[in-house]
Amino acid sequence: MVTSDQRRRQLAREKYERQQKRRAEARKKSRQRAAVIGAAVAVVIATLVGLVVGGVFDSDKDPKDTAADPSASATPPEPKQSPSPEMTIDQKGKYTFALKTSAGDINFAMDAAKTPQTVNSFKSLADKGYFDNTKCHRLTAGGIFVLQCGDPEGTGRGGPGYTIPDENLDALGKANEQGQVIYPAGTVAMANTGQPGSGGSQFFLVYKDSPLTPTYTPFGKIDAAGLKVLEEIAKTGTADGGQDGAPKNEVKIQKGTVTQN
């Protein structure tokens, strides 16, 4: 017969065994949770490492590289296709592009011997009144210093419906370690989409020395009077006060004319 004292000891032993079993199960579950959390953390770390290696969080990239790139606002959205103009200029001739603007006259010289395709295209467009009553849609004041014009839509996405090849890209010397050359103040160059041979009608006027990759056809040189007008435009800044945007005071090309000297 089991005495009451023996029964108490049996019950206490069973209670102790149940407690030990519960504690063992709790430790097992804790180890399982830790393993799952550890695996998840490892996945996150591996993902972050992959992103860093892939350049997603590349802190060495200068945000101005994109914001101040003339190609950023010269990307046409599938324009209507038009044939390239036939070559009609004197390919050894000197030409002047005269821009009568709301801010003053800006004239620049073009040498067809160095950029025949570009000069021919601009003369063809100007003869048709393509640039008349169009806005210079973009002014930059950080990283690079340019006024961008030549888009009849005024959005930075317009073009003539055809593209012209790059020309004269080695005219500004050898690129530095950053892959850039200086486009001097007074230079006129083609804007493009960032792809070779993607220039259309948009161009930019440099009012202060600007470092850029040598991928934008330099085809004109602004005269002293025109450069002063350009500098005055730049002084007013952008409409929103930022370093890249529409000019604060609208700049409209009232008439664009190309003539042979």
# chains A, B, ... in the order shown; residues from 1 in each chain; ligands from 1

$ residues_around --residues "Pro247 in chain A" --least-positions-apart "4" --cutoff "10 Å" --atoms "only C-alpha atoms" --output "list in words"
Lys135, Cys136, His137, Arg138, Leu139, Thr140, Leu147, Gln148, Ile233, Ala234, Lys235, Thr236, Gly237, Thr238, Ala239, Asp240, Gly241 and Val251 of chain A

$ write_last_selection --atoms "C-alpha atoms" --output "mmCIF file, in the first residue's frame"
data_model
loop_
_atom_site.group_PDB
_atom_site.id
_atom_site.type_symbol
_atom_site.label_atom_id
_atom_site.label_comp_id
_atom_site.auth_asym_id
_atom_site.auth_seq_id
_atom_site.Cartn_x
_atom_site.Cartn_y
_atom_site.Cartn_z
ATOM 1 C CA LYS A 135 12.244 78.787 -75.675
ATOM 2 C CA CYS A 136 15.636 78.017 -74.200
ATOM 3 C CA HIS A 137 14.232 75.545 -71.693
ATOM 4 C CA ARG A 138 17.163 74.819 -69.388
ATOM 5 C CA LEU A 139 19.774 76.699 -67.365
ATOM 6 C CA THR A 140 22.358 74.979 -65.179
ATOM 7 C CA LEU A 147 21.903 77.452 -71.362
ATOM 8 C CA GLN A 148 20.165 74.763 -73.411
ATOM 9 C CA ILE A 233 20.880 85.441 -68.508
ATOM 10 C CA ALA A 234 22.795 83.177 -66.133
ATOM 11 C CA LYS A 235 22.862 85.820 -63.378
ATOM 12 C CA THR A 236 19.081 85.695 -62.984
ATOM 13 C CA GLY A 237 19.227 81.990 -62.147
ATOM 14 C CA THR A 238 16.492 79.407 -62.503
ATOM 15 C CA ALA A 239 12.766 79.777 -61.948
ATOM 16 C CA ASP A 240 12.823 77.659 -58.775
ATOM 17 C CA GLY A 241 16.178 78.907 -57.505
ATOM 18 C CA VAL A 251 14.560 83.293 -72.883
#

$ atom_distance --atom1 "CA of Met190 in chain A" --atom2 "CA of Phe219 in chain A"
7.5 Å

$ select_by_dssp --residues "range 77-173 of chain A" --states "helix (DSSP H, G or I)" --output "list in words"
Pro116, Gln117, Thr118, Val119, Asn120, Ser121, Phe122, Lys123, Ser124, Leu125, Ala126 and Asp127 of chain A

$ write_last_selection --atoms "N, CA and C atoms" --output "mmCIF file, in the first residue's frame"
data_model
loop_
_atom_site.group_PDB
_atom_site.id
_atom_site.type_symbol
_atom_site.label_atom_id
_atom_site.label_comp_id
_atom_site.auth_asym_id
_atom_site.auth_seq_id
_atom_site.Cartn_x
_atom_site.Cartn_y
_atom_site.Cartn_z
ATOM 1 N N PRO A 116 30.738 69.394 -90.600
ATOM 2 C CA PRO A 116 29.865 69.603 -91.767
ATOM 3 C C PRO A 116 28.431 69.116 -91.577
ATOM 4 N N GLN A 117 28.242 67.955 -90.952
ATOM 5 C CA GLN A 117 26.890 67.421 -90.768
ATOM 6 C C GLN A 117 26.080 68.309 -89.824
ATOM 7 N N THR A 118 26.732 68.783 -88.776
ATOM 8 C CA THR A 118 26.038 69.620 -87.802
ATOM 9 C C THR A 118 25.655 70.962 -88.401
ATOM 10 N N VAL A 119 26.613 71.591 -89.066
ATOM 11 C CA VAL A 119 26.346 72.896 -89.675
ATOM 12 C C VAL A 119 25.264 72.774 -90.742
ATOM 13 N N ASN A 120 25.348 71.741 -91.546
ATOM 14 C CA ASN A 120 24.351 71.545 -92.605
ATOM 15 C C ASN A 120 22.957 71.370 -92.011
ATOM 16 N N SER A 121 22.857 70.607 -90.941
ATOM 17 C CA SER A 121 21.566 70.386 -90.304
ATOM 18 C C SER A 121 21.002 71.686 -89.732
ATOM 19 N N PHE A 122 21.854 72.445 -89.060
ATOM 20 C CA PHE A 122 21.375 73.679 -88.446
ATOM 21 C C PHE A 122 20.955 74.703 -89.498
ATOM 22 N N LYS A 123 21.694 74.760 -90.590
ATOM 23 C CA LYS A 123 21.285 75.696 -91.649
ATOM 24 C C LYS A 123 19.957 75.272 -92.253
ATOM 25 N N SER A 124 19.799 73.980 -92.480
ATOM 26 C CA SER A 124 18.556 73.468 -93.042
ATOM 27 C C SER A 124 17.372 73.792 -92.128
ATOM 28 N N LEU A 125 17.544 73.570 -90.836
ATOM 29 C CA LEU A 125 16.468 73.835 -89.878
ATOM 30 C C LEU A 125 16.182 75.335 -89.779
ATOM 31 N N ALA A 126 17.255 76.126 -89.678
ATOM 32 C CA ALA A 126 17.058 77.578 -89.554
ATOM 33 C C ALA A 126 16.361 78.155 -90.772
ATOM 34 N N ASP A 127 16.711 77.652 -91.958
ATOM 35 C CA ASP A 127 16.080 78.148 -93.187
ATOM 36 C C ASP A 127 14.579 77.888 -93.194
#

$ select_by_dssp --residues "range 144-216 of chain A" --states "strand (DSSP E or B)" --output "list in words"
Ile144, Val146, Leu147, Gln148, Cys149, Ile164, Val181, Ile182, Tyr183, Thr187, Val188, Ala189, Met190, Gly199, Phe203, Phe204, Leu205, Val206, Ser210, Pro211 and Leu212 of chain A

$ atom_distance --atom1 "CA of Ala185 in chain A" --atom2 "CA of Val206 in chain A"
5.0 Å

$ atom_distance --atom1 "CA of Val181 in chain A" --atom2 "CA of Ile106 in chain A"
24.3 Å

$ closest_residue --among "A:Ser201, A:Gln81, A:Thr101, A:Asn107" --to "Lys221 in chain A" --atoms "only C-alpha atoms"
A:Asn107

$ closest_residue --among "A:Ser82, A:Gln202, A:Gly186, A:Lys128" --to "Glu153 in chain A" --atoms "only C-alpha atoms"
A:Gln202
